[in-house]
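Trainee: Sharing start.tsv, TSV, C-alpha atoms and all ligand atoms:
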```tsv
chain	number	residue	atom	x	y	z
A	1	MET	CA	59.31	-54.88	36.44
A	2	VAL	CA	56.31	-54.11	34.26
A	3	SER	CA	54.68	-51.90	36.90
A	4	HIS	CA	57.74	-49.61	36.83
A	5	ARG	CA	56.91	-48.58	33.29
A	6	ARG	CA	53.26	-48.03	34.09
A	7	MET	CA	54.08	-46.03	37.20
A	8	LYS	CA	56.63	-43.83	35.49
A	9	ASP	CA	54.51	-40.69	35.33
A	10	ARG	CA	51.75	-41.05	37.89
A	11	TYR	CA	50.49	-42.59	41.08
A	12	ARG	CA	48.55	-45.82	41.11
A	13	ARG	CA	44.74	-45.40	41.35
A	14	LEU	CA	42.78	-47.29	44.04
A	15	SER	CA	46.00	-48.67	45.44
A	16	TYR	CA	44.17	-50.81	48.04
A	17	LEU	CA	42.96	-52.86	45.10
A	18	THR	CA	45.51	-52.30	42.39
A	19	ASP	CA	48.92	-52.61	44.06
A	20	ILE	CA	49.14	-56.31	43.27
A	21	GLY	CA	52.87	-56.48	44.00
A	22	GLY	CA	52.35	-55.00	47.45
A	23	MET	CA	49.48	-57.30	48.33
A	24	MET	CA	51.29	-60.40	47.12
A	25	ASN	CA	54.32	-59.40	49.11
A	26	ALA	CA	52.25	-58.98	52.28
A	27	ILE	CA	50.47	-62.31	51.81
A	28	GLY	CA	53.77	-64.05	51.17
A	29	GLU	CA	55.36	-62.57	54.26
A	30	MET	CA	52.45	-63.31	56.56
A	31	LYS	CA	51.21	-66.61	55.13
A	32	GLY	CA	54.05	-68.02	53.05
A	33	LYS	CA	51.81	-68.08	49.98
A	34	GLY	CA	51.78	-66.65	46.48
A	35	PHE	CA	55.46	-67.02	45.66
A	36	PRO	CA	56.59	-68.06	42.19
A	37	LYS	CA	57.34	-71.76	41.75
A	38	GLN	CA	60.72	-72.88	43.01
A	39	PRO	CA	63.28	-73.73	40.32
A	40	ARG	CA	64.10	-77.43	39.77
A	41	LEU	CA	67.56	-78.80	40.38
A	42	ASN	CA	69.26	-79.80	37.12
A	43	THR	CA	70.44	-83.24	38.22
A	44	GLU	CA	71.74	-84.00	34.70
A	45	TYR	CA	74.12	-81.06	34.62
A	46	ARG	CA	77.73	-81.80	33.66
A	47	ALA	CA	80.25	-79.09	34.51
A	48	ARG	CA	81.67	-77.13	31.54
A	49	PHE	CA	85.13	-75.63	31.25
A	50	ASP	CA	83.73	-72.09	31.19
A	51	ASP	CA	81.50	-72.43	34.27
A	52	PRO	CA	82.26	-69.94	37.02
A	53	VAL	CA	83.83	-71.16	40.24
A	54	PHE	CA	81.12	-70.69	42.86
A	55	ASN	CA	83.37	-69.34	45.59
A	56	GLU	CA	83.15	-66.41	48.00
A	57	ALA	CA	84.43	-63.90	45.41
A	58	TRP	CA	81.77	-65.04	42.90
A	59	PHE	CA	78.93	-64.44	45.38
A	60	ILE	CA	80.28	-61.04	46.47
A	61	GLN	CA	80.72	-59.85	42.88
A	62	THR	CA	77.38	-61.27	41.70
A	63	ILE	CA	75.44	-59.51	44.46
A	64	ARG	CA	77.36	-56.25	43.92
A	65	ASP	CA	76.64	-56.40	40.19
A	66	LYS	CA	72.94	-57.05	40.78
A	67	LEU	CA	72.64	-54.02	43.03
A	68	ALA	CA	74.57	-51.84	40.61
A	69	ASN	CA	72.78	-52.86	37.42
A	70	HIS	CA	69.43	-54.55	38.11
A	71	GLN	CA	66.48	-52.61	36.72
A	72	ASP	CA	64.38	-53.53	39.76
A	73	ASN	CA	66.74	-51.75	42.17
A	74	ARG	CA	64.79	-48.62	41.23
A	75	MET	CA	62.08	-46.43	42.77
A	76	GLU	CA	58.63	-45.69	41.35
A	77	TYR	CA	56.93	-42.34	40.70
A	78	PRO	CA	57.65	-39.62	41.91
A	79	TYR	CA	61.25	-40.83	42.32
A	80	TYR	CA	61.26	-42.89	39.18
A	81	GLY	CA	64.71	-44.23	38.29
A	82	GLU	CA	66.40	-43.45	41.65
A	83	ARG	CA	68.28	-46.37	43.14
A	84	ILE	CA	66.79	-48.09	46.17
A	85	PHE	CA	70.01	-49.52	47.61
A	86	ASP	CA	73.70	-48.65	47.57
A	87	GLU	CA	76.66	-51.03	47.43
A	88	PRO	CA	76.08	-54.10	49.63
A	89	LEU	CA	78.04	-55.94	52.32
A	90	VAL	CA	78.26	-59.72	51.85
A	91	GLY	CA	79.24	-62.41	54.36
A	92	PHE	CA	79.08	-66.19	54.84
A	93	VAL	CA	78.20	-68.67	57.60
A	94	ARG	CA	79.00	-72.37	57.46
A	95	GLY	CA	75.99	-74.65	57.89
A	96	ASP	CA	77.55	-76.42	60.89
A	97	ASP	CA	78.40	-73.19	62.76
A	98	PRO	CA	77.10	-73.90	66.31
A	99	ILE	CA	75.35	-70.52	66.46
A	100	LEU	CA	72.77	-71.79	63.96
A	101	LEU	CA	71.63	-74.46	66.40
A	102	ASP	CA	71.85	-71.96	69.27
A	103	TYR	CA	69.23	-69.91	67.43
A	104	LYS	CA	66.74	-72.69	68.21
A	105	THR	CA	67.05	-71.55	71.82
A	106	ILE	CA	67.81	-67.84	71.37
A	107	ILE	CA	65.09	-67.14	68.77
A	108	GLY	CA	62.85	-70.18	69.26
A	109	ALA	CA	62.40	-73.79	68.21
A	110	HIS	CA	60.45	-72.60	65.16
A	111	HIS	CA	63.57	-71.08	63.59
A	112	PHE	CA	65.02	-73.21	60.77
A	113	THR	CA	68.60	-74.26	60.48
A	114	PRO	CA	70.03	-74.15	56.93
A	115	GLN	CA	70.06	-77.96	57.03
A	116	GLU	CA	66.32	-78.11	57.73
A	117	ILE	CA	65.40	-75.68	54.99
A	118	MET	CA	67.75	-77.37	52.53
A	119	LYS	CA	66.20	-80.77	53.31
A	120	TRP	CA	62.89	-79.34	52.12
A	121	GLN	CA	64.51	-78.33	48.82
A	122	ALA	CA	66.37	-81.66	48.50
A	123	ASP	CA	63.16	-83.66	49.09
A	124	ARG	CA	61.34	-81.65	46.43
A	125	ASN	CA	64.07	-82.51	43.96
A	126	GLY	CA	64.46	-86.17	44.90
A	127	VAL	CA	68.10	-85.89	46.00
A	128	PRO	CA	69.70	-86.73	49.36
A	129	ALA	CA	69.63	-83.94	51.94
A	130	PRO	CA	73.14	-82.49	52.40
A	131	ALA	CA	74.94	-82.62	55.75
A	132	ALA	CA	75.13	-79.35	57.71
A	133	GLY	CA	78.88	-79.12	57.07
A	134	ASP	CA	78.33	-79.12	53.31
A	135	LEU	CA	76.11	-76.04	53.43
A	136	SER	CA	76.65	-72.31	53.77
A	137	VAL	CA	74.43	-69.28	54.20
A	138	VAL	CA	75.13	-66.26	52.01
A	139	SER	CA	74.05	-63.12	53.84
A	140	PHE	CA	73.91	-59.60	52.43
A	141	VAL	CA	73.13	-56.10	53.72
A	142	MET	CA	71.75	-53.54	51.27
A	143	PRO	CA	72.24	-49.98	52.58
A	144	ILE	CA	69.40	-47.53	51.95
A	145	THR	CA	70.38	-44.43	49.96
A	146	GLN	CA	71.32	-41.16	51.62
A	147	LYS	CA	68.28	-39.33	50.17
A	148	THR	CA	65.90	-41.90	51.63
A	149	LYS	CA	67.60	-41.81	55.02
A	150	GLU	CA	67.47	-38.00	55.07
A	151	ASP	CA	63.77	-38.02	54.18
A	152	ASN	CA	62.96	-40.44	56.96
A	153	ALA	CA	65.16	-38.61	59.47
A	154	ALA	CA	63.11	-35.48	58.78
A	155	ARG	CA	59.87	-37.27	59.78
A	156	ASN	CA	58.63	-37.83	63.32
A	157	ASP	CA	55.25	-39.44	62.74
A	158	TRP	CA	55.08	-41.82	59.79
A	159	ALA	CA	57.63	-43.16	57.32
A	160	SER	CA	58.57	-40.92	54.42
A	161	GLU	CA	57.47	-41.79	50.91
A	162	ARG	CA	60.97	-42.85	49.83
A	163	TRP	CA	61.21	-45.09	52.89
A	164	ALA	CA	57.82	-46.69	52.17
A	165	GLN	CA	58.79	-47.36	48.57
A	166	THR	CA	62.06	-48.85	49.78
A	167	ARG	CA	60.16	-51.19	52.12
A	168	LEU	CA	57.98	-52.48	49.30
A	169	LEU	CA	60.06	-52.28	46.13
A	170	GLY	CA	63.28	-53.06	47.98
A	171	GLU	CA	61.81	-56.28	49.37
A	172	ILE	CA	60.47	-57.30	45.97
A	173	PHE	CA	63.87	-56.52	44.43
A	174	SER	CA	65.66	-58.52	47.12
A	175	GLN	CA	63.46	-61.56	46.50
A	176	THR	CA	63.82	-61.23	42.73
A	177	MET	CA	67.60	-60.97	42.97
A	178	VAL	CA	67.92	-64.00	45.24
A	179	ARG	CA	65.54	-66.02	43.08
A	180	GLU	CA	67.69	-65.24	40.04
A	181	ILE	CA	70.85	-66.40	41.83
A	182	VAL	CA	69.17	-69.53	43.23
A	183	THR	CA	67.68	-70.38	39.83
A	184	TYR	CA	71.09	-70.01	38.17
A	185	LEU	CA	72.79	-72.21	40.76
A	186	MET	CA	70.08	-74.88	40.46
A	187	SER	CA	70.45	-74.84	36.67
A	188	LYS	CA	74.16	-75.57	37.22
A	189	GLY	CA	73.39	-78.51	39.49
A	190	VAL	CA	74.02	-76.69	42.80
A	191	LEU	CA	71.25	-77.13	45.36
A	192	ALA	CA	70.19	-73.76	46.79
A	193	VAL	CA	67.17	-72.26	48.52
A	194	ALA	CA	65.84	-68.84	49.47
A	195	PRO	CA	63.88	-69.59	52.67
A	196	ASP	CA	61.73	-66.47	52.51
A	197	VAL	CA	60.17	-67.38	49.18
A	198	THR	CA	59.07	-70.86	50.21
A	199	PRO	CA	55.70	-71.81	51.70
A	200	MET	CA	57.55	-72.47	54.96
A	201	PHE	CA	58.12	-68.76	55.51
A	202	ASN	CA	55.17	-67.37	57.41
A	203	LYS	CA	55.35	-64.65	59.96
A	204	LYS	CA	53.13	-65.30	62.93
A	205	ARG	CA	52.79	-64.97	66.68
A	206	TYR	CA	54.70	-67.88	68.25
A	207	PRO	CA	54.08	-68.96	71.88
A	208	HIS	CA	56.56	-67.31	74.29
A	209	VAL	CA	58.23	-65.52	71.36
A	210	GLY	CA	55.68	-63.10	69.88
A	211	TRP	CA	55.72	-62.02	66.23
A	212	ALA	CA	58.51	-63.78	64.42
A	213	SER	CA	59.41	-65.56	61.20
A	214	PRO	CA	61.07	-68.98	60.87
A	215	TRP	CA	64.14	-67.53	59.15
A	216	SER	CA	65.70	-64.35	60.48
A	217	HIS	CA	67.84	-62.58	57.88
A	218	ARG	CA	69.14	-60.31	60.63
A	219	HIS	CA	70.37	-63.18	62.76
A	220	MET	CA	72.01	-64.74	59.72
A	221	ALA	CA	73.78	-61.42	59.09
A	222	TYR	CA	74.97	-61.32	62.70
A	223	ALA	CA	76.23	-64.89	62.39
A	224	ALA	CA	78.07	-63.89	59.19
A	225	GLY	CA	79.85	-61.09	61.07
A	226	LEU	CA	78.08	-58.27	59.22
A	227	GLY	CA	77.05	-56.33	62.33
A	228	SER	CA	75.53	-56.43	65.81
A	229	PHE	CA	72.20	-55.44	67.30
A	230	GLY	CA	71.17	-52.02	68.61
A	231	MET	CA	68.58	-50.99	71.19
A	232	HIS	CA	66.11	-50.83	68.29
A	233	ASP	CA	66.93	-54.45	67.28
A	234	PHE	CA	68.23	-53.34	63.89
A	235	LEU	CA	71.64	-54.62	62.90
A	236	ILE	CA	74.31	-51.91	63.16
A	237	THR	CA	76.85	-52.56	60.40
A	238	GLU	CA	79.84	-50.59	59.12
A	239	LYS	CA	77.28	-48.95	56.79
A	240	GLY	CA	74.82	-48.27	59.61
A	241	CYS	CA	71.43	-49.70	60.51
A	242	ALA	CA	69.25	-48.24	57.73
A	243	HIS	CA	69.21	-51.14	55.30
A	244	ARG	CA	67.43	-54.30	54.19
A	245	VAL	CA	69.01	-57.66	54.90
A	246	GLY	CA	68.67	-60.89	52.94
A	247	SER	CA	70.12	-64.39	52.93
A	248	PHE	CA	69.92	-67.78	51.24
A	249	ALA	CA	71.41	-71.23	51.69
A	250	VAL	CA	73.65	-73.08	49.22
A	251	ASN	CA	75.11	-76.59	49.06
A	252	LEU	CA	78.68	-75.25	48.96
A	253	LYS	CA	81.45	-74.86	51.53
A	254	LEU	CA	82.08	-71.11	51.67
A	255	GLU	CA	84.60	-69.63	54.09
A	256	PRO	CA	83.40	-66.94	56.52
A	257	ASN	CA	85.07	-63.66	55.50
A	258	ARG	CA	84.26	-61.54	58.55
A	259	GLN	CA	84.90	-61.72	62.26
A	260	ARG	CA	81.69	-62.02	64.30
A	261	THR	CA	81.61	-59.82	67.42
A	262	GLY	CA	81.35	-61.80	70.66
A	263	ASP	CA	79.05	-59.15	72.11
A	264	ILE	CA	75.77	-59.09	70.19
A	265	HIS	CA	75.45	-55.37	71.03
A	266	ALA	CA	79.04	-54.36	70.26
A	267	ASN	CA	78.06	-51.51	67.90
A	268	CYS	CA	75.36	-49.84	70.03
A	269	LEU	CA	76.39	-46.85	72.14
A	270	GLN	CA	73.86	-47.37	74.92
A	271	TYR	CA	74.69	-51.05	75.35
A	272	GLN	CA	78.37	-50.08	75.47
A	273	HIS	CA	77.67	-47.64	78.33
A	274	VAL	CA	77.87	-44.47	76.22
A	275	PRO	CA	74.61	-42.58	76.89
A	276	CYS	CA	72.52	-42.31	73.70
A	277	MET	CA	68.91	-43.53	73.39
A	278	LYS	CA	68.39	-41.39	70.31
A	279	CYS	CA	66.33	-44.26	68.88
A	280	LYS	CA	63.98	-44.03	71.85
A	281	GLU	CA	63.49	-40.31	71.19
A	282	ARG	CA	62.71	-41.06	67.54
A	283	CYS	CA	60.05	-43.72	68.24
A	284	PRO	CA	56.49	-42.36	68.07
A	285	ALA	CA	55.12	-45.50	69.74
A	286	GLY	CA	57.26	-45.48	72.89
A	287	ALA	CA	58.45	-48.95	71.90
A	288	ILE	CA	62.09	-48.53	73.00
A	289	SER	CA	63.30	-48.11	76.57
A	290	GLU	CA	66.56	-48.36	78.52
A	291	GLN	CA	65.11	-51.07	80.74
A	292	ASN	CA	63.42	-53.32	78.18
A	293	GLY	CA	65.10	-52.49	74.89
A	294	HIS	CA	62.78	-52.95	71.92
A	295	ASP	CA	59.13	-53.88	72.56
A	296	LYS	CA	58.32	-55.93	69.44
A	297	GLU	CA	54.57	-55.99	70.07
A	298	ALA	CA	54.24	-52.20	70.50
A	299	CYS	CA	56.41	-51.69	67.44
A	300	MET	CA	54.42	-54.16	65.36
A	301	GLN	CA	51.16	-52.41	66.23
A	302	ARG	CA	52.51	-49.03	65.17
A	303	VAL	CA	54.07	-50.39	62.01
A	304	SER	CA	50.88	-52.25	61.04
A	305	SER	CA	48.82	-49.11	61.51
A	306	SER	CA	51.02	-47.33	58.97
A	307	LEU	CA	49.47	-49.36	56.14
A	308	ARG	CA	46.53	-46.98	55.91
A	309	TYR	CA	48.80	-43.93	55.90
A	310	CYS	CA	51.12	-45.30	53.21
A	311	ASN	CA	48.20	-46.40	51.10
A	312	ARG	CA	46.37	-43.10	51.28
A	313	ASN	CA	49.42	-40.87	50.85
A	314	TYR	CA	51.85	-42.90	48.77
A	315	HIS	CA	49.47	-45.13	46.80
A	316	ILE	CA	51.22	-48.37	47.67
A	317	PHE	CA	50.17	-51.36	49.77
A	318	ILE	CA	52.87	-51.46	52.42
A	319	TYR	CA	53.49	-50.78	56.09
A	320	GLY	CA	56.74	-49.40	57.44
A	321	CYS	CA	58.34	-47.02	59.90
A	322	GLY	CA	62.12	-47.11	60.47
A	323	LEU	CA	62.09	-43.76	62.28
A	324	CYS	CA	64.38	-45.21	64.96
A	325	ALA	CA	66.88	-46.28	62.27
A	326	THR	CA	67.24	-42.75	60.89
A	327	GLY	CA	68.35	-39.52	62.51
A	328	THR	CA	70.49	-41.54	64.94
A	329	PRO	CA	74.26	-41.89	65.42
A	330	CYS	CA	74.07	-45.45	64.07
A	331	GLN	CA	72.09	-44.59	60.91
A	332	SER	CA	74.94	-44.75	58.38
A	333	ALA	CA	77.93	-46.20	60.26
A	334	ILE	CA	79.08	-47.72	63.53
A	335	PRO	CA	78.99	-44.77	65.96
A	336	GLU	CA	82.37	-43.08	66.01
A	337	ALA	CA	83.06	-43.78	69.68
A	338	LEU	CA	82.83	-47.54	69.00
A	339	ARG	CA	84.60	-47.73	65.66
A	340	GLN	CA	87.58	-50.03	65.37
A	341	THR	CA	90.17	-50.47	62.65
A	342	PRO	CA	88.50	-51.63	59.43
A	343	SER	CA	90.05	-55.10	59.49
A	344	ASP	CA	86.96	-57.01	58.43
A	345	ARG	CA	86.30	-55.84	54.89
A	346	ASP	CA	85.27	-58.26	52.15
A	347	LYS	CA	88.13	-60.39	50.99
A	401	LIG	S1	70.43	-44.73	68.54
A	401	LIG	FE1	72.02	-45.06	70.07
A	401	LIG	S2	71.07	-46.41	71.61
A	401	LIG	FE2	69.81	-46.49	69.78
A	401	LIG	S3	70.59	-48.27	68.65
A	401	LIG	FE3	71.66	-46.47	67.84
A	401	LIG	S4	73.56	-46.35	69.05
A	401	LIG	FE4	72.16	-47.73	70.14
A	402	LIG	S1	60.23	-49.16	63.75
A	402	LIG	FE1	58.99	-47.35	64.37
A	402	LIG	S2	57.53	-48.11	65.90
A	402	LIG	FE2	59.14	-49.66	65.68
A	402	LIG	S3	60.61	-49.18	67.30
A	402	LIG	FE3	61.34	-48.13	65.43
A	402	LIG	S4	60.42	-46.09	65.54
A	402	LIG	FE4	59.33	-47.37	67.01
```
What does this structure look like when you write it as structure tokens?
Ligand code: SF4
Ligand code: SF4

Mentor:
Amino acid sequence: MVSHRRMKDRYRRLSYLTDIGGMMNAIGEMKGKGFPKQPRLNTEYRARFDDPVFNEAWFIQTIRDKLANHQDNRMEYPYYGERIFDEPLVGFVRGDDPILLDYKTIIGAHHFTPQEIMKWQADRNGVPAPAAGDLSVVSFVMPITQKTKEDNAARNDWASERWAQTRLLGEIFSQTMVREIVTYLMSKGVLAVAPDVTPMFNKKRYPHVGWASPWSHRHMAYAAGLGSFGMHDFLITEKGCAHRVGSFAVNLKLEPNRQRTGDIHANCLQYQHVPCMKCKERCPAGAISEQNGHDKEACMQRVSSSLRYCNRNYHIFIYGCGLCATGTPCQSAIPEALRQTPSDRDK
């Protein structure tokens, strides 16, 4: 990223006006605008003998390689060159998995199925929309580094600087990485789409639902068996709950490689009747309680108000918090009392 070079030795000046990446990211997330053009499907493509086989192993290795080697998986000044994310977890959901339709009820009617989002991509490219059974969702969890988690765990008011950079640069990296994979697949004649970089992705307040987006990476990760939800609504995975999650849909039949927990709260101590509520203690907004779990509205207000703090102190245009995801027993792993045998590793 060009800005990495510019930001190598100093902070950005007048960041409210000059952090273009941050502002574009915010507009994209809230309004579904400002994303780069979608790649076109290469309908003329004829398979070559040296083409990779686009199977589960290819997606796992490709995403691992991107996190290990991509120049955008890096922090800005004053942490220039530090990695943002550690080695990822990767899982798959078939497009006709009944849970994806259940999300229309659980999350809301506004939430897309992979088939709906893929139809949008198919229509743009003038090809027939694939059936649900011919699609899969690739879901990945990118764990935040130990240094960043420690920094945030030491805070009790606003997000640490490493955490704020991770929120902004990590999201930009995630979108860049997925766009590269989607573009490559499309160039090889495989229809694919990253829902959160299309104009259909806008976060807004939905009736009876509150603030939500039409494609929940977290719910896709749960469906792919990558973790389950905590009191704080973050996904608790075998690498903890301090992470960013991403997903995209492909016109391929990929086999699920992980066992989904039947209980959506299987990895949370409090939900499993082991007294905890450490996340509640960590929340400066009082947005988590035993009775009501996570109050999304109270959380959103606190997180939104952090924009000013991050801008003034860290010179980037981003909001963030994550205090309840750090300094807790679920920060970096499934809490010990709930850990089972590691039978669900990547194949
Ligand atoms: S801190 Fe405790 S109660 Fe809160 S999500 Fe983690 S395990 Fe659950
Ligand atoms: S993200 Fe921050 S405001 Fe929201 S619940 Fe967690 S600690 Fe509270």

Trainee: Set the cut-off to 9 Å, count all atoms listed in the file, and list whatever residues fall near ligand LIG 402 (chain A) as a ChimeraX atom specification.

Mentor: /A:156-159,232-234,279-288,294-303,320-326

Trainee: As a short mmCIF file (atom, residue, chain, number, x, y, z; two decimals) with C-alpha atoms, in the frame of the given file, please: the residues near Asp96 (chain A) (cut-off 10 Å, only C-alpha atoms, same-chain neighbours under 2 positions excluded).

Mentor:
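Just written: result_35.cif:
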```cif
data_model
loop_
_atom_site.label_atom_id
_atom_site.label_comp_id
_atom_site.auth_asym_id
_atom_site.auth_seq_id
_atom_site.Cartn_x
_atom_site.Cartn_y
_atom_site.Cartn_z
CA VAL A 93 78.20 -68.67 57.60
CA ARG A 94 79.00 -72.37 57.46
CA PRO A 98 77.10 -73.90 66.31
CA ILE A 99 75.35 -70.52 66.46
CA LEU A 100 72.77 -71.79 63.96
CA LEU A 101 71.63 -74.46 66.40
CA THR A 113 68.60 -74.26 60.48
CA PRO A 114 70.03 -74.15 56.93
CA GLN A 115 70.06 -77.96 57.03
CA ALA A 131 74.94 -82.62 55.75
CA ALA A 132 75.13 -79.35 57.71
CA GLY A 133 78.88 -79.12 57.07
CA ASP A 134 78.33 -79.12 53.31
CA LEU A 135 76.11 -76.04 53.43
CA SER A 136 76.65 -72.31 53.77
#
```

Trainee: Write out as a ChimeraX atom specification which residues come within 6 Å of region 205-215 of chain A when counting all atoms listed in the file, dropping same-chain ones fewer than 5 positions away.

Mentor: /A:110-112

Trainee: Taking only C-alpha atoms and all ligand atoms into account, list the residues no farther than 7 Å from ligand LIG 401 (chain A), as a list in words.

Mentor: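 Those within range of ligand LIG 401 (chain A) are Gly230, Met231, His232, Asn267, Cys268, Leu269, Gln270, Tyr271, Cys276, Met277, Lys278, Cys279, Lys280, Thr328, Pro329, Cys330 and Pro335 of chain A.
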
Trainee: Convert the current residue selection to file output with C-alpha atoms, as a compact mmCIF listing (two decimals), in the frame of the given file.

Mentor:
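Output (out-v7.txt):
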```
# COMPACT_ATOMS: atom_id res chain seq x y z
CA GLY A 230 71.17 -52.02 68.61
CA MET A 231 68.58 -50.99 71.19
CA HIS A 232 66.11 -50.83 68.29
CA ASN A 267 78.06 -51.51 67.90
CA CYS A 268 75.36 -49.84 70.03
CA LEU A 269 76.39 -46.85 72.14
CA GLN A 270 73.86 -47.37 74.92
CA TYR A 271 74.69 -51.05 75.35
CA CYS A 276 72.52 -42.31 73.70
CA MET A 277 68.91 -43.53 73.39
CA LYS A 278 68.39 -41.39 70.31
CA CYS A 279 66.33 -44.26 68.88
CA LYS A 280 63.98 -44.03 71.85
CA THR A 328 70.49 -41.54 64.94
CA PRO A 329 74.26 -41.89 65.42
CA CYS A 330 74.07 -45.45 64.07
CA PRO A 335 78.99 -44.77 65.96
```

Trainee: Fewer than 3 positions away in the same chain doesn't count, so skip those; otherwise give me all residues within 12 Å of Pro130 (chain A), counting only C-alpha atoms, as a list in words.

Mentor: Gly95, Asp96, Pro114, Gln115, Glu116, Ile117, Met118, Lys119, Trp120, Gln121, Ala122, Asp123, Val127, Gly133, Asp134, Leu135, Ser136, Val190, Leu191, Ala192, Ala249, Val250, Asn251, Leu252 and Lys253 of chain A

Trainee: Please write the residues from the selection above to a file, keeping C-alpha atoms, as an mmCIF file, in the frame of the given file.

Mentor:
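Output file again_3.cif is given in full below:
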```cif
data_model
loop_
_atom_site.group_PDB
_atom_site.id
_atom_site.type_symbol
_atom_site.label_atom_id
_atom_site.label_comp_id
_atom_site.auth_asym_id
_atom_site.auth_seq_id
_atom_site.Cartn_x
_atom_site.Cartn_y
_atom_site.Cartn_z
ATOM 1 C CA GLY A 95 75.990 -74.650 57.890
ATOM 2 C CA ASP A 96 77.550 -76.420 60.890
ATOM 3 C CA PRO A 114 70.030 -74.150 56.930
ATOM 4 C CA GLN A 115 70.060 -77.960 57.030
ATOM 5 C CA GLU A 116 66.320 -78.110 57.730
ATOM 6 C CA ILE A 117 65.400 -75.680 54.990
ATOM 7 C CA MET A 118 67.750 -77.370 52.530
ATOM 8 C CA LYS A 119 66.200 -80.770 53.310
ATOM 9 C CA TRP A 120 62.890 -79.340 52.120
ATOM 10 C CA GLN A 121 64.510 -78.330 48.820
ATOM 11 C CA ALA A 122 66.370 -81.660 48.500
ATOM 12 C CA ASP A 123 63.160 -83.660 49.090
ATOM 13 C CA VAL A 127 68.100 -85.890 46.000
ATOM 14 C CA GLY A 133 78.880 -79.120 57.070
ATOM 15 C CA ASP A 134 78.330 -79.120 53.310
ATOM 16 C CA LEU A 135 76.110 -76.040 53.430
ATOM 17 C CA SER A 136 76.650 -72.310 53.770
ATOM 18 C CA VAL A 190 74.020 -76.690 42.800
ATOM 19 C CA LEU A 191 71.250 -77.130 45.360
ATOM 20 C CA ALA A 192 70.190 -73.760 46.790
ATOM 21 C CA ALA A 249 71.410 -71.230 51.690
ATOM 22 C CA VAL A 250 73.650 -73.080 49.220
ATOM 23 C CA ASN A 251 75.110 -76.590 49.060
ATOM 24 C CA LEU A 252 78.680 -75.250 48.960
ATOM 25 C CA LYS A 253 81.450 -74.860 51.530
#
```

Trainee: Taking only residues of region 111-202 of chain A that have an atom at most 8 Å from an atom of region 84-90 of chain A, what is each one's shortest atom pair and its distance in Å to one decimal, using all atoms listed in the file, in chain and number order, as JSON lines?

Mentor:
```
{"residue": "A:Val138", "atom": "CA", "partner": "A:Val90", "partner_atom": "CA", "distance": 7.3}
{"residue": "A:Ser139", "atom": "CA", "partner": "A:Val90", "partner_atom": "CA", "distance": 5.8}
{"residue": "A:Phe140", "atom": "CA", "partner": "A:Val90", "partner_atom": "CA", "distance": 4.4}
{"residue": "A:Val141", "atom": "CA", "partner": "A:Leu89", "partner_atom": "CA", "distance": 5.1}
{"residue": "A:Met142", "atom": "CA", "partner": "A:Pro88", "partner_atom": "CA", "distance": 4.7}
{"residue": "A:Pro143", "atom": "CA", "partner": "A:Asp86", "partner_atom": "CA", "distance": 5.4}
{"residue": "A:Ile144", "atom": "CA", "partner": "A:Phe85", "partner_atom": "CA", "distance": 4.8}
{"residue": "A:Thr145", "atom": "CA", "partner": "A:Phe85", "partner_atom": "CA", "distance": 5.6}
{"residue": "A:Thr166", "atom": "CA", "partner": "A:Ile84", "partner_atom": "CA", "distance": 6.0}
{"residue": "A:Leu169", "atom": "CA", "partner": "A:Ile84", "partner_atom": "CA", "distance": 7.9}
{"residue": "A:Gly170", "atom": "CA", "partner": "A:Ile84", "partner_atom": "CA", "distance": 6.3}
```

Trainee: Write out as JSON an axis-aligned box for region 326-333 of chain A: all of its atoms listed in the file, 5 Å added on each side, centre and edge lengths in Å with one decimal.

Mentor:
```
{"center_x": 72.6, "center_y": -42.9, "center_z": 61.9, "size_x": 20.7, "size_y": 16.7, "size_z": 17.0}
```

Trainee: What is the distance between CA of Phe173 (chain A) and CA of Gln38 (chain A), in Å to one decimal?

Mentor: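 Result for CA of Phe173 (chain A) versus CA of Gln38 (chain A): 16.7 Å, one decimal.
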
Trainee: Counting all atoms listed in the file, which of A:Lys239, A:Arg179, A:Lys104, A:Lys204 gets nearest to Arg339 (chain A)?

Mentor: A:Lys239
